[in-house]
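So the structure is just underneath, and the comments pick up after that.
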Amino acid sequence: MPPQTQIQRRRRTGNHDAADEPRRSRQSRRNNEPEESEASEGDQDGDVDMEREGDATEDQLVKKLVRYALACEYARIPIKRDGIRDKVLGNNPRSFKRVFEGAQAQFQQVFGMEMVELPVKEKRTLKEKQKANARKAASQSVTSSRQYILVSTLPPEYKSQSIIAPSQIPSTPEEAAYVGFYTMVISLIVLNGGELSDTKLRRYLTRMNASQNLPMDKTDNVLQKVVRQGYVDKVVEKSDGDEDTVTWCVGSRGRVEVPPESIAAVVREVWGDLPDDFNKKLQRSLGIQESSEL
């Protein structure tokens, strides 16, 4: 073959190869586009799966908190924030707010209850007040008890005894007697100005024949139980040489579970026929505004 013919054929072949290059690049891009779209879809699916796993984990934590709160309330012990972190959240401490709000929604919608924070325990003795003042001077942070209890959110018409009966554990008569006992003790303390001496309390209990009317245990043992569960506080002031001064005050749980309105209802039930000025006097004693209805 002549040299000129070979040169022409090489030129034509080179021109064809140059013209085919854009075509090949377009085809390669088209072939790679499905792979890229599949990869992006895979990433989206992975994100959705992670969100679902996070939601499922949070739902389990909400259920766990509900069970923990019910167990604490059954034993009449406060639901402590530290206990929630240790026994419920575990490795998810930052989820406290979302889990707590989820549990609140469950309690309100399913159980007709909600978790309410207990008030900070008051400092009664001189030493406790001095320590509290020293802490306030050292720190300006807002004090919080970090403890909760469950309270009913049902309307008043659904809080009757026929609907909310005393617990059957240990028995209905014992539970009813126990609730009546600590409600009466709290009422006596509040109506005596918020404090009641041990001598005066014993005198009241003797008049009520508490030793015979308490079916569950001795009076002293029941008082210890009431103190342990936070309904009342027993304040002991130690003095040199003389006998210790014992004073009874309303505890944190007692202030939440037995508000002034409940005390007023107990007093009216016990009193029977009410004098004309009875409500005004009762309002002043309990610190209730005159415009509120008893």
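Residues are referred to by chain and number: the chain letter is A, B, ... according to the order shown in the structure tokens, the number counts from 1 in that chain, and ligands are numbered separately from 1 in the order shown.
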From the DSSP assignment of the backbone, select every residue of region 198-236 of chain A that is strand (DSSP E or B), and format the answer as number ranges by chain.
A: 232-236
Asp233 (chain A) surroundings by only C-alpha atoms, 10 Å radius, close-in-sequence under 6 positions cut, as number ranges by chain
A: 121-122, 124, 195, 223-224, 226-227, 247-252, 254
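Take CA of Pro78 (chain A) and CA of Lys238 (chain A): the distance between them is 28.4 Å.
Comparing A:Thr183, A:Ile169, A:Lys159, A:Asn91 by their smallest distance to Pro259 (chain A), the closest is A:Thr183 (using only C-alpha atoms).
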Please provide the set of residues having any atom within 7 Å of Val88 (chain A), restricted to only C-alpha atoms, with same-chain residues fewer than 2 positions apart removed, written as number ranges by chain.
A: 61, 64-65, 84-86, 90
From a DSSP pass on the backbone, collect the residues of region 39-264 of chain A flagged as helix (DSSP H, G or I) and hand them back as a PyMOL selection string.
chain A and resi 39-74+81-89+93-111+126-138+156-158+172-191+198-207+210-213+219-228+252-257+260-264
Write the selection just made, keeping C-alpha atoms, as a CSV table (one decimal), in the first residue's frame?
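Output (again_6.csv):
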```
chain,number,residue,atom,x,y,z
A,39,ALA,CA,-26.6,6.0,46.5
A,40,SER,CA,-28.5,9.1,47.5
A,41,GLU,CA,-31.7,7.1,48.0
A,42,GLY,CA,-29.7,4.7,50.1
A,43,ASP,CA,-28.5,7.6,52.3
A,44,GLN,CA,-32.0,8.9,52.7
A,45,ASP,CA,-33.2,5.4,53.7
A,46,GLY,CA,-30.4,5.2,56.2
A,47,ASP,CA,-31.5,8.5,57.7
A,48,VAL,CA,-35.1,7.4,57.9
A,49,ASP,CA,-34.1,4.2,59.6
A,50,MET,CA,-32.0,6.1,62.2
A,51,GLU,CA,-34.9,8.4,62.9
A,52,ARG,CA,-37.2,5.4,63.4
A,53,GLU,CA,-34.7,3.8,65.7
A,54,GLY,CA,-34.4,7.0,67.7
A,55,ASP,CA,-38.2,7.3,67.9
A,56,ALA,CA,-38.5,3.7,69.0
A,57,THR,CA,-35.8,4.1,71.7
A,58,GLU,CA,-37.6,7.3,73.0
A,59,ASP,CA,-40.9,5.5,73.1
A,60,GLN,CA,-39.4,2.7,75.1
A,61,LEU,CA,-37.9,5.3,77.5
A,62,VAL,CA,-41.3,6.9,77.9
A,63,LYS,CA,-42.9,3.6,78.8
A,64,LYS,CA,-40.1,2.9,81.2
A,65,LEU,CA,-40.5,6.2,82.9
A,66,VAL,CA,-44.3,5.6,83.3
A,67,ARG,CA,-43.6,2.2,84.9
A,68,TYR,CA,-41.0,3.7,87.2
A,69,ALA,CA,-43.3,6.6,88.3
A,70,LEU,CA,-46.2,4.2,89.0
A,71,ALA,CA,-43.9,2.0,91.1
A,72,CYS,CA,-42.7,5.0,93.1
A,73,GLU,CA,-46.3,6.2,93.7
A,74,TYR,CA,-47.4,2.8,94.7
A,81,ARG,CA,-34.9,13.3,89.0
A,82,ASP,CA,-31.7,11.5,89.7
A,83,GLY,CA,-33.6,8.2,89.8
A,84,ILE,CA,-35.0,8.9,86.4
A,85,ARG,CA,-31.6,9.5,85.0
A,86,ASP,CA,-30.1,6.4,86.6
A,87,LYS,CA,-32.9,3.9,86.3
A,88,VAL,CA,-34.7,5.1,83.2
A,89,LEU,CA,-32.5,7.1,80.8
A,93,PRO,CA,-29.3,11.7,79.8
A,94,ARG,CA,-29.9,14.4,77.2
A,95,SER,CA,-33.4,13.0,76.4
A,96,PHE,CA,-34.8,13.9,79.8
A,97,LYS,CA,-37.0,16.7,78.6
A,98,ARG,CA,-38.6,14.8,75.7
A,99,VAL,CA,-39.0,11.6,77.7
A,100,PHE,CA,-40.5,13.5,80.6
A,101,GLU,CA,-43.0,15.4,78.4
A,102,GLY,CA,-43.9,12.1,76.7
A,103,ALA,CA,-44.6,10.4,80.0
A,104,GLN,CA,-46.7,13.4,81.1
A,105,ALA,CA,-48.8,13.1,78.0
A,106,GLN,CA,-49.3,9.4,78.7
A,107,PHE,CA,-50.3,10.0,82.3
A,108,GLN,CA,-52.8,12.7,81.3
A,109,GLN,CA,-54.4,10.8,78.4
A,110,VAL,CA,-54.4,7.3,79.8
A,111,PHE,CA,-54.3,7.5,83.6
A,126,LEU,CA,-32.1,27.2,113.7
A,127,LYS,CA,-29.2,25.2,112.3
A,128,GLU,CA,-31.1,24.3,109.2
A,129,LYS,CA,-32.1,27.9,108.6
A,130,GLN,CA,-28.4,29.0,109.1
A,131,LYS,CA,-27.2,26.5,106.5
A,132,ALA,CA,-29.9,27.5,104.1
A,133,ASN,CA,-28.9,31.2,104.4
A,134,ALA,CA,-25.3,30.3,103.8
A,135,ARG,CA,-26.2,28.4,100.7
A,136,LYS,CA,-28.3,31.2,99.4
A,137,ALA,CA,-25.4,33.6,99.9
A,138,ALA,CA,-22.9,31.3,98.1
A,156,PRO,CA,-64.1,17.4,90.6
A,157,GLU,CA,-67.2,15.5,89.6
A,158,TYR,CA,-65.2,12.4,88.9
A,172,THR,CA,-59.7,-1.1,101.5
A,173,PRO,CA,-60.6,-0.5,105.2
A,174,GLU,CA,-56.9,-0.1,106.2
A,175,GLU,CA,-56.2,2.2,103.3
A,176,ALA,CA,-59.3,4.3,104.0
A,177,ALA,CA,-58.3,4.6,107.7
A,178,TYR,CA,-54.7,5.5,106.8
A,179,VAL,CA,-55.8,8.3,104.4
A,180,GLY,CA,-58.3,9.6,107.0
A,181,PHE,CA,-55.6,9.6,109.7
A,182,TYR,CA,-53.0,11.6,107.9
A,183,THR,CA,-55.6,13.9,106.4
A,184,MET,CA,-56.9,14.6,110.0
A,185,VAL,CA,-53.4,15.2,111.3
A,186,ILE,CA,-52.5,17.6,108.5
A,187,SER,CA,-55.8,19.4,109.1
A,188,LEU,CA,-55.1,19.8,112.8
A,189,ILE,CA,-51.6,21.2,112.1
A,190,VAL,CA,-52.8,23.7,109.5
A,191,LEU,CA,-55.7,24.9,111.7
A,198,ASP,CA,-46.2,16.9,120.3
A,199,THR,CA,-48.2,17.2,123.5
A,200,LYS,CA,-51.1,18.9,121.7
A,201,LEU,CA,-51.1,16.3,118.9
A,202,ARG,CA,-51.2,13.4,121.4
A,203,ARG,CA,-54.1,15.1,123.2
A,204,TYR,CA,-56.0,15.3,119.9
A,205,LEU,CA,-55.3,11.6,119.0
A,206,THR,CA,-56.4,10.5,122.4
A,207,ARG,CA,-59.7,12.3,122.0
A,210,ALA,CA,-56.6,6.7,117.5
A,211,SER,CA,-55.2,3.7,119.4
A,212,GLN,CA,-58.5,1.8,119.0
A,213,ASN,CA,-59.6,3.2,115.6
A,219,THR,CA,-50.3,5.0,116.7
A,220,ASP,CA,-46.5,5.7,117.0
A,221,ASN,CA,-45.8,3.3,114.1
A,222,VAL,CA,-48.4,4.9,111.9
A,223,LEU,CA,-46.9,8.4,112.7
A,224,GLN,CA,-43.5,7.2,111.7
A,225,LYS,CA,-44.9,5.9,108.4
A,226,VAL,CA,-46.6,9.3,107.8
A,227,VAL,CA,-43.3,11.1,108.4
A,228,ARG,CA,-41.4,8.6,106.2
A,252,SER,CA,-43.9,18.3,101.2
A,253,ARG,CA,-46.3,15.5,100.0
A,254,GLY,CA,-48.9,16.6,102.5
A,255,ARG,CA,-48.9,20.2,101.1
A,256,VAL,CA,-49.6,18.8,97.6
A,257,GLU,CA,-52.0,16.0,98.4
A,260,PRO,CA,-56.5,24.0,102.0
A,261,GLU,CA,-59.6,23.2,99.9
A,262,SER,CA,-59.5,19.5,101.0
A,263,ILE,CA,-59.0,20.5,104.6
A,264,ALA,CA,-62.0,22.8,104.4
```
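Taking CA of Ala265 (chain A) as the reference point, CA of Thr153 (chain A) is found at 18.5 Å.
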Need the shell around Val236 (chain A): protein/DNA/RNA residues with any atom at most 8 Å away, counting only C-alpha atoms. Skip same-chain ones fewer than 6 positions apart. Format as a list of chain:residue names?
A:Thr125, A:Asp244, A:Thr245, A:Val246, A:Thr247
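You can rank A:Gly287, A:Pro166, A:Pro119, A:Gly112 by their closest distance to Val151 (chain A) using only C-alpha atoms, and at the top of that list sits A:Gly112.
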